[in-house]
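Okay, structure first, notes after.
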Amino acid sequence: MSTLSPQLLVAAAQKTLGMGKKRSPSRAVCLHLAGEVLAVTRGLKPAVLYDCNCAGPLALQSYLEELQGLDFINSGLHILEIGENSLIVSPEQVCQHLDRLLLGTTALVDVSSSQPHPSVCFLDMLSDLKVFMAEIFMHLQGLQRDLSVGVSHSRLHSSDWNLCTVFGILLGYPVPYTFHLNQGSDNCLALIPLRVFTARISWLLGQPSILLYSFSVPDSLFPALRDILNSWEKDLRTRFRTQNDFSDLNITSEIVTLPAVSL
């Protein structure tokens, strides 16, 4: 387990990501973010989507450099800017993930509003998305040889991308949602029972657990997706056993039904 003072981690985040005294991340947010970043470096997730406040990619770059200065993380992380969003990624982990995705039979759940109910589809049926994923793969693969110099930053243009699906893939969700952009951002998940999966890990003594993953699949499709979800869980537990910073991996699921679902 990490022995670095939590207060140093809080100070690093508030120094670099704070946007005025009233808009600095709280202590709990700072520690959760540090835990997520550490989880990326330990191979437990390929990326983190930063949504704590409006801090931009340069502020995030400074934050990661502060963590490096504290010897909390090693080199190898990258700030990937897509649209107006910033992700903290491990290019090595993302490339391994995308390589498996592009070469395998990758399932997604189509929730386009024109459908009466969600359905399973496959990446090979979505040629534009597959091209986007290959572009990200090539981009990050080209960065890997330059990561020894420290934290780097790059931007990808994404005007035609379905960012909901792209982010679901980059964040390591086993079965991301997708929908047709020409039908708007509405979906067919309203009042559909969803099986929500969460994966949490313990880190600092006396602090809340780290939310490692949270995603859902329509419960009606769970039997068809069971093998994929079981493989995801088995792989996560295998990777979890290779590190010693975190403990108590807890994966749970529950059924929820919502009047509307925003993706």
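In the structure tokens, chains take the letters A, B, ... in the order shown, each chain's residues start at 1, and ligands count up from 1 in the order shown.
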
Neighbour list for Leu181 in chain A as JSON, numbers by chain, cut-off 10 Å, only C-alpha atoms, skip fewer than 3 positions in-chain | {"A": [112, 160, 161, 162, 163, 178, 184, 185, 186]}

Run DSSP on the backbone and give me the residues of range 47-230 of chain A it puts in strand (DSSP E or B), as a ChimeraX atom specification.
-> /A:47-49,78-82,85-89,107-110,112,119-122,152-156,177-178,187,194-202,210-218

Do a neighbour search on Ala34 in chain A at 9 Å with only C-alpha atoms, toss out local chain neighbours closer than 3 positions, and write the hits as a VMD selection string.
-> chain A and resid 9 to 10 13 29 to 31 37 to 39 67

Writing out the chosen residues with N, CA, C and O atoms as a tab-separated table (two decimals), in the first residue's frame:
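Result file follows (again30.tsv):
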```
chain	number	residue	atom	x	y	z
A	9	LEU	N	-1.03	14.63	-1.53
A	9	LEU	CA	-1.82	14.38	-2.74
A	9	LEU	C	-2.91	15.43	-2.90
A	9	LEU	O	-3.19	15.89	-4.01
A	10	VAL	N	-3.53	15.80	-1.80
A	10	VAL	CA	-4.55	16.85	-1.83
A	10	VAL	C	-3.93	18.18	-2.25
A	10	VAL	O	-4.46	18.89	-3.10
A	13	ALA	N	-3.17	18.38	-6.03
A	13	ALA	CA	-4.35	18.60	-6.86
A	13	ALA	C	-4.87	20.02	-6.72
A	13	ALA	O	-5.19	20.69	-7.72
A	29	VAL	N	-12.44	14.56	-3.39
A	29	VAL	CA	-12.27	14.49	-4.84
A	29	VAL	C	-10.79	14.33	-5.20
A	29	VAL	O	-10.43	13.54	-6.08
A	30	CYS	N	-9.94	15.07	-4.51
A	30	CYS	CA	-8.49	15.00	-4.77
A	30	CYS	C	-7.96	13.59	-4.52
A	30	CYS	O	-7.17	13.06	-5.32
A	31	LEU	N	-8.37	12.98	-3.42
A	31	LEU	CA	-7.87	11.64	-3.09
A	31	LEU	C	-8.44	10.59	-4.04
A	31	LEU	O	-7.73	9.65	-4.42
A	37	VAL	N	-5.78	7.69	-10.81
A	37	VAL	CA	-4.54	7.81	-11.59
A	37	VAL	C	-3.60	6.66	-11.24
A	37	VAL	O	-2.99	6.05	-12.14
A	38	LEU	N	-3.49	6.35	-9.98
A	38	LEU	CA	-2.64	5.23	-9.56
A	38	LEU	C	-3.15	3.92	-10.16
A	38	LEU	O	-2.35	3.07	-10.58
A	39	ALA	N	-4.47	3.77	-10.22
A	39	ALA	CA	-5.04	2.56	-10.81
A	39	ALA	C	-4.68	2.43	-12.28
A	39	ALA	O	-4.45	1.32	-12.77
A	67	LEU	N	2.66	14.84	-9.22
A	67	LEU	CA	2.62	13.47	-8.68
A	67	LEU	C	3.92	12.73	-8.98
A	67	LEU	O	4.40	11.95	-8.15
```

Got a sec: who's within 12 Å of Ile251 in chain A, counting only C-alpha atoms, leaving out chain neighbours fewer than 2 positions off, as JSON, numbers by chain?
-> {"A": [196, 197, 198, 199, 200, 201, 210, 211, 212, 213, 214, 215, 229, 230, 232, 233, 234, 236, 237, 248, 249, 253, 254]}

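You can rank A:Val111, A:Ala12, A:Leu101, A:Ala47 by their closest distance to Ser62 in chain A using only C-alpha atoms, and at the top of that list sits A:Ala12.
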
Best match for closeness to Ser216 in chain A among A:Val256, A:Arg241, A:Asp128, A:Trp203, counting only C-alpha atoms =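 Of the candidates, the smallest distance to Ser216 in chain A is held by A:Val256.
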
Apply DSSP to the backbone of this structure and, from range 48-150 of chain A, keep only the residues in alpha helix (DSSP H); write these as a ChimeraX atom specification.
-> /A:57-69,91-103,127-143

Any chance you could export the current selection's C-alpha atoms as a PDB file, in the first residue's frame?
```
ATOM      1  CA  PRO A  57      -5.184  19.699 -20.233  1.00  0.00           C
ATOM      2  CA  LEU A  58      -2.225  21.906 -19.293  1.00  0.00           C
ATOM      3  CA  ALA A  59      -3.403  22.005 -15.675  1.00  0.00           C
ATOM      4  CA  LEU A  60      -3.770  18.224 -15.746  1.00  0.00           C
ATOM      5  CA  GLN A  61      -0.277  17.925 -17.169  1.00  0.00           C
ATOM      6  CA  SER A  62       1.047  20.025 -14.268  1.00  0.00           C
ATOM      7  CA  TYR A  63      -0.884  17.862 -11.816  1.00  0.00           C
ATOM      8  CA  LEU A  64       0.652  14.648 -13.107  1.00  0.00           C
ATOM      9  CA  GLU A  65       4.099  16.231 -13.045  1.00  0.00           C
ATOM     10  CA  GLU A  66       3.504  17.113  -9.378  1.00  0.00           C
ATOM     11  CA  LEU A  67       2.624  13.469  -8.679  1.00  0.00           C
ATOM     12  CA  GLN A  68       5.799  12.392 -10.471  1.00  0.00           C
ATOM     13  CA  GLY A  69       7.792  14.812  -8.334  1.00  0.00           C
ATOM     14  CA  PRO A  91      -0.860   4.713 -23.992  1.00  0.00           C
ATOM     15  CA  GLU A  92       0.516   1.225 -23.440  1.00  0.00           C
ATOM     16  CA  GLN A  93      -2.657   0.002 -21.728  1.00  0.00           C
ATOM     17  CA  VAL A  94      -4.994   1.716 -24.210  1.00  0.00           C
ATOM     18  CA  CYS A  95      -3.072   0.321 -27.184  1.00  0.00           C
ATOM     19  CA  GLN A  96      -3.252  -3.209 -25.766  1.00  0.00           C
ATOM     20  CA  HIS A  97      -6.976  -2.740 -25.181  1.00  0.00           C
ATOM     21  CA  LEU A  98      -7.615  -1.339 -28.667  1.00  0.00           C
ATOM     22  CA  ASP A  99      -5.491  -4.024 -30.302  1.00  0.00           C
ATOM     23  CA  ARG A 100      -7.687  -6.720 -28.746  1.00  0.00           C
ATOM     24  CA  LEU A 101     -10.806  -4.767 -29.692  1.00  0.00           C
ATOM     25  CA  LEU A 102      -9.817  -4.237 -33.333  1.00  0.00           C
ATOM     26  CA  LEU A 103      -8.700  -7.827 -33.872  1.00  0.00           C
ATOM     27  CA  SER A 127     -17.059   0.861 -40.029  1.00  0.00           C
ATOM     28  CA  ASP A 128     -16.737   4.545 -39.076  1.00  0.00           C
ATOM     29  CA  LEU A 129     -16.242   3.709 -35.402  1.00  0.00           C
ATOM     30  CA  LYS A 130     -13.650   1.077 -36.266  1.00  0.00           C
ATOM     31  CA  VAL A 131     -11.740   3.668 -38.316  1.00  0.00           C
ATOM     32  CA  PHE A 132     -11.832   6.104 -35.374  1.00  0.00           C
ATOM     33  CA  MET A 133     -10.528   3.446 -32.994  1.00  0.00           C
ATOM     34  CA  ALA A 134      -7.724   2.560 -35.409  1.00  0.00           C
ATOM     35  CA  GLU A 135      -6.821   6.261 -35.627  1.00  0.00           C
ATOM     36  CA  ILE A 136      -6.591   6.525 -31.845  1.00  0.00           C
ATOM     37  CA  PHE A 137      -4.542   3.320 -31.724  1.00  0.00           C
ATOM     38  CA  MET A 138      -2.033   4.613 -34.288  1.00  0.00           C
ATOM     39  CA  HIS A 139      -1.845   7.993 -32.561  1.00  0.00           C
ATOM     40  CA  LEU A 140      -1.086   6.529 -29.129  1.00  0.00           C
ATOM     41  CA  GLN A 141       1.227   3.877 -30.513  1.00  0.00           C
ATOM     42  CA  GLY A 142       3.352   6.629 -32.028  1.00  0.00           C
ATOM     43  CA  LEU A 143       3.588   8.354 -28.637  1.00  0.00           C
TER      44      LEU A 143
END
```

Write out as a PyMOL selection string the residues lying within 8 Å of Val175 in chain A, counting only C-alpha atoms and excluding same-chain residues fewer than 6 positions away.
-> chain A and resi 107-109+217+228-229

Selection near Ile88 in chain A, 6 Å with only C-alpha atoms, sequence-local residues under 2 positions removed, as a list in words = Ala47, Val48, His78 and Ile79 of chain A

What does the file look like for those residues with N, CA, C and O atoms, as a compact mmCIF listing (two decimals), in the first residue's frame?
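Final output, saved to result_33.txt:
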```txt
# COMPACT_ATOMS: atom_id res chain seq x y z
N ALA A 47 -7.76 4.28 -18.68
CA ALA A 47 -7.85 5.74 -18.74
C ALA A 47 -8.80 6.26 -17.68
O ALA A 47 -9.63 5.53 -17.12
N VAL A 48 -8.68 7.56 -17.41
CA VAL A 48 -9.58 8.30 -16.53
C VAL A 48 -10.10 9.51 -17.30
O VAL A 48 -9.31 10.26 -17.89
N HIS A 78 -0.25 10.06 -20.29
CA HIS A 78 -0.44 11.03 -21.37
C HIS A 78 -1.81 11.69 -21.20
O HIS A 78 -2.78 11.03 -20.80
N ILE A 79 -1.89 12.99 -21.50
CA ILE A 79 -3.16 13.70 -21.51
C ILE A 79 -3.67 13.70 -22.94
O ILE A 79 -3.06 14.30 -23.83
```

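Considering only C-alpha atoms, the residue among A:Val166, A:Leu126, A:Leu4, A:Ala260 positioned nearest to Leu87 in chain A is A:Val166.
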
Å distance separating CA of Gly18 in chain A from CA of Cys52 in chain A, one decimal place =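 CA of Gly18 in chain A sits 10.1 Å away from CA of Cys52 in chain A.
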
Do you know which residues are at most 10 Å from Arg42 in chain A counting only C-alpha atoms, after dropping those on the same chain fewer than 5 positions away, and could you put them as an NGL selection string?
-> :A and (36-37 or 73 or 90 or 93 or 239-240 or 242-246)

Could you turn the residues from that selection into a file that holds N, CA and C atoms, as a PDB file, in the first residue's frame?
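In the end it all went to result_18.pdb:
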```
ATOM      1  N   GLU A  36      -7.539   6.988  -8.744  1.00  0.00           N
ATOM      2  CA  GLU A  36      -7.828   6.580 -10.122  1.00  0.00           C
ATOM      3  C   GLU A  36      -6.571   6.626 -10.984  1.00  0.00           C
ATOM      4  N   VAL A  37      -5.775   7.691 -10.813  1.00  0.00           N
ATOM      5  CA  VAL A  37      -4.540   7.809 -11.587  1.00  0.00           C
ATOM      6  C   VAL A  37      -3.600   6.661 -11.245  1.00  0.00           C
ATOM      7  N   ILE A  73       3.819   8.422  -8.932  1.00  0.00           N
ATOM      8  CA  ILE A  73       3.668   7.693 -10.192  1.00  0.00           C
ATOM      9  C   ILE A  73       4.970   7.807 -10.965  1.00  0.00           C
ATOM     10  N   SER A  90      -2.967   5.730 -20.123  1.00  0.00           N
ATOM     11  CA  SER A  90      -1.728   4.982 -20.277  1.00  0.00           C
ATOM     12  C   SER A  90      -1.694   4.516 -21.726  1.00  0.00           C
ATOM     13  N   GLN A  93      -1.453   0.751 -22.083  1.00  0.00           N
ATOM     14  CA  GLN A  93      -2.657   0.002 -21.728  1.00  0.00           C
ATOM     15  C   GLN A  93      -3.763   0.199 -22.759  1.00  0.00           C
ATOM     16  N   ARG A 239      -5.500  -8.992 -13.189  1.00  0.00           N
ATOM     17  CA  ARG A 239      -4.627  -7.818 -13.132  1.00  0.00           C
ATOM     18  C   ARG A 239      -4.538  -7.261 -11.714  1.00  0.00           C
ATOM     19  N   PHE A 240      -5.636  -7.370 -10.975  1.00  0.00           N
ATOM     20  CA  PHE A 240      -5.640  -6.870  -9.603  1.00  0.00           C
ATOM     21  C   PHE A 240      -4.622  -7.615  -8.741  1.00  0.00           C
ATOM     22  N   THR A 242      -1.788  -8.618  -9.554  1.00  0.00           N
ATOM     23  CA  THR A 242      -0.400  -8.312  -9.894  1.00  0.00           C
ATOM     24  C   THR A 242       0.117  -7.062  -9.199  1.00  0.00           C
ATOM     25  N   GLN A 243      -0.726  -6.373  -8.417  1.00  0.00           N
ATOM     26  CA  GLN A 243      -0.304  -5.138  -7.760  1.00  0.00           C
ATOM     27  C   GLN A 243      -0.558  -5.253  -6.254  1.00  0.00           C
ATOM     28  N   ASN A 244       0.054  -4.342  -5.477  1.00  0.00           N
ATOM     29  CA  ASN A 244      -0.146  -4.381  -4.031  1.00  0.00           C
ATOM     30  C   ASN A 244      -0.467  -3.015  -3.430  1.00  0.00           C
ATOM     31  N   ASP A 245      -0.885  -2.062  -4.257  1.00  0.00           N
ATOM     32  CA  ASP A 245      -1.276  -0.745  -3.731  1.00  0.00           C
ATOM     33  C   ASP A 245      -2.718  -0.737  -3.245  1.00  0.00           C
ATOM     34  N   PHE A 246      -3.567  -1.562  -3.865  1.00  0.00           N
ATOM     35  CA  PHE A 246      -4.987  -1.587  -3.539  1.00  0.00           C
ATOM     36  C   PHE A 246      -5.365  -2.948  -2.965  1.00  0.00           C
TER      37      PHE A 246
END
```

Counting only C-alpha atoms, the residue of A:Gly83, A:Pro6, A:Gly76, A:Pro208 that sits nearest Pro46 in chain A = A:Gly76

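You can rank A:Thr238, A:Ser152, A:Asn250, A:Asn182 by their closest distance to Gly43 in chain A using only C-alpha atoms, and at the top of that list sits A:Thr238.
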
Top pick for closest residue to Leu221 in chain A, considering A:Pro193, A:Gly206, A:Gly172, A:Gly150 and counting only C-alpha atoms |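 Smallest distance to Leu221 in chain A is found for A:Pro193.
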